[in-house]
$ cat data.csv   # CSV, C-alpha atoms
chain,number,residue,atom,x,y,z
A,1385,MET,CA,60.0,119.9,63.9
A,1386,SER,CA,61.5,123.0,65.5
A,1387,ASP,CA,59.6,126.3,66.3
A,1388,ASP,CA,61.5,127.8,63.3
A,1389,ASP,CA,60.1,125.1,61.0
A,1390,PHE,CA,56.6,125.9,62.2
A,1391,SER,CA,57.1,129.6,61.7
A,1392,LEU,CA,58.3,129.1,58.2
A,1393,LEU,CA,55.3,126.9,57.5
A,1394,VAL,CA,52.8,129.4,58.9
A,1395,GLU,CA,54.4,132.2,56.8
A,1396,PHE,CA,54.2,130.0,53.7
A,1397,ILE,CA,50.5,129.2,54.4
A,1398,GLU,CA,49.7,132.9,54.8
A,1399,ARG,CA,51.1,133.6,51.4
A,1400,CYS,CA,49.3,130.8,49.6
A,1401,GLY,CA,46.3,132.7,48.6
A,1402,PRO,CA,42.6,132.0,48.5
A,1403,ASP,CA,42.7,128.5,50.0
A,1404,VAL,CA,43.9,130.0,53.3
A,1405,GLU,CA,41.5,131.7,55.7
A,1406,GLY,CA,42.4,135.3,56.7
A,1407,HIS,CA,44.6,137.8,55.0
A,1408,GLY,CA,47.9,137.9,56.7
A,1409,LEU,CA,49.7,141.1,57.4
A,1410,ILE,CA,49.7,142.1,53.7
A,1411,GLY,CA,48.5,145.7,53.3
A,1412,LEU,CA,49.8,146.9,56.7
A,1413,GLN,CA,52.6,149.4,57.1
A,1414,GLY,CA,55.9,147.8,58.3
A,1415,LYS,CA,55.6,149.3,61.7
A,1416,GLN,CA,52.1,147.9,62.2
A,1417,SER,CA,53.1,144.5,61.0
A,1418,ALA,CA,56.2,144.4,63.3
A,1419,MET,CA,54.1,145.6,66.2
A,1420,ILE,CA,51.5,142.8,65.7
A,1421,GLU,CA,54.2,140.2,65.4
A,1422,ARG,CA,55.9,141.3,68.6
A,1423,PHE,CA,52.6,141.3,70.4
A,1424,ILE,CA,51.8,137.7,69.2
A,1425,ALA,CA,55.3,136.6,70.3
A,1426,GLY,CA,54.7,138.2,73.8
A,1427,ARG,CA,57.6,140.8,73.3
A,1428,SER,CA,55.6,144.0,73.2
A,1429,ASP,CA,55.8,146.6,76.1
A,1430,ASP,CA,53.0,148.5,77.7
A,1431,ALA,CA,53.3,151.5,75.3
A,1432,GLU,CA,53.2,149.2,72.3
A,1433,ARG,CA,50.2,147.3,73.6
A,1434,ARG,CA,48.4,150.6,74.1
A,1435,GLU,CA,49.3,151.6,70.5
A,1436,LEU,CA,48.1,148.2,69.2
A,1437,SER,CA,44.8,148.7,71.2
A,1438,ARG,CA,44.2,152.0,69.5
A,1439,PHE,CA,44.9,150.4,66.1
A,1440,LEU,CA,42.5,147.5,66.8
A,1441,GLN,CA,39.8,149.9,67.8
A,1442,MET,CA,40.0,151.5,64.4
A,1443,HIS,CA,40.5,148.2,62.6
A,1444,PRO,CA,38.7,145.5,64.6
A,1445,ALA,CA,38.9,142.9,61.8
A,1446,TRP,CA,42.5,142.3,62.8
A,1447,ILE,CA,41.4,141.1,66.3
A,1448,ARG,CA,40.2,137.7,65.0
A,1449,TRP,CA,43.3,137.3,62.8
A,1450,ILE,CA,45.6,138.0,65.8
A,1451,ALA,CA,43.6,135.6,68.0
A,1452,GLU,CA,43.8,132.8,65.4
A,1453,ARG,CA,47.6,133.3,65.1
A,1454,MET,CA,48.0,133.2,68.8
A,1455,LYS,CA,45.9,130.1,69.1
A,1456,THR,CA,47.8,128.4,66.3
A,1457,GLY,CA,51.0,129.2,68.1
A,1458,ARG,CA,49.8,127.7,71.3
A,1459,ASP,CA,48.5,124.7,69.5
A,1460,MET,CA,51.9,124.2,67.8
A,1461,THR,CA,53.8,124.7,71.1
A,1462,GLY,CA,51.5,122.1,72.8
A,1463,ALA,CA,51.9,119.6,70.0
A,1464,THR,CA,55.7,120.0,70.1
A,1465,SER,CA,55.8,119.6,73.8
A,1466,ALA,CA,53.6,116.5,73.7
A,1467,ALA,CA,55.8,115.0,71.0
A,1468,GLU,CA,59.0,115.4,73.1
$ encode --input "data.csv" --output "structure tokens"
Amino acid sequence: MSDDDFSLLVEFIERCGPDVEGHGLIGLQGKQSAMIERFIAGRSDDAERRELSRFLQMHPAWIRWIAERMKTGRDMTGATSAAE
């Protein structure tokens, strides 16, 4: 499976509903959602990380969700590397 396959799978699972832990990026403004996705992908700059930090101080429930997404991404990357 490629990284794109995993991304599609993760997005699908996020939309599945009550069987999935967490709440995805539903309910966030587009800017916030994009900012979080860039951070998870490691593509955010210093200014955006500071903005995300301020957002997370006001909405700490998102910290765990972001951490789980990052961990899942690392786990998938490790599994893909080990399979190759």
$ atom_distance --input "data.csv" --atom1 "atom CA of A:Ala1431" --atom2 "atom CA of A:Thr1456"
25.4 Å
$ atom_distance --input "data.csv" --atom1 "atom CA of A:Gln1441" --atom2 "atom CA of A:Ser1391"
27.4 Å
$ atom_distance --input "data.csv" --atom1 "atom CA of A:Ile1424" --atom2 "atom CA of A:Gly1457"
8.6 Å
$ residues_around --input "data.csv" --residues "A:Met1419" --least-positions-apart "5" --cutoff "9 Å" --atoms "all atoms listed in the file" --output "list in words"
Gly1414, Ile1424, Ser1428, Glu1432, Arg1433, Glu1435 and Leu1436 of chain A
$ write_last_selection --input "data.csv" --atoms "C-alpha atoms" --output "tab-separated table (two decimals), in the frame of the given file"
chain	number	residue	atom	x	y	z
A	1414	GLY	CA	55.90	147.80	58.30
A	1424	ILE	CA	51.80	137.70	69.20
A	1428	SER	CA	55.60	144.00	73.20
A	1432	GLU	CA	53.20	149.20	72.30
A	1433	ARG	CA	50.20	147.30	73.60
A	1435	GLU	CA	49.30	151.60	70.50
A	1436	LEU	CA	48.10	148.20	69.20
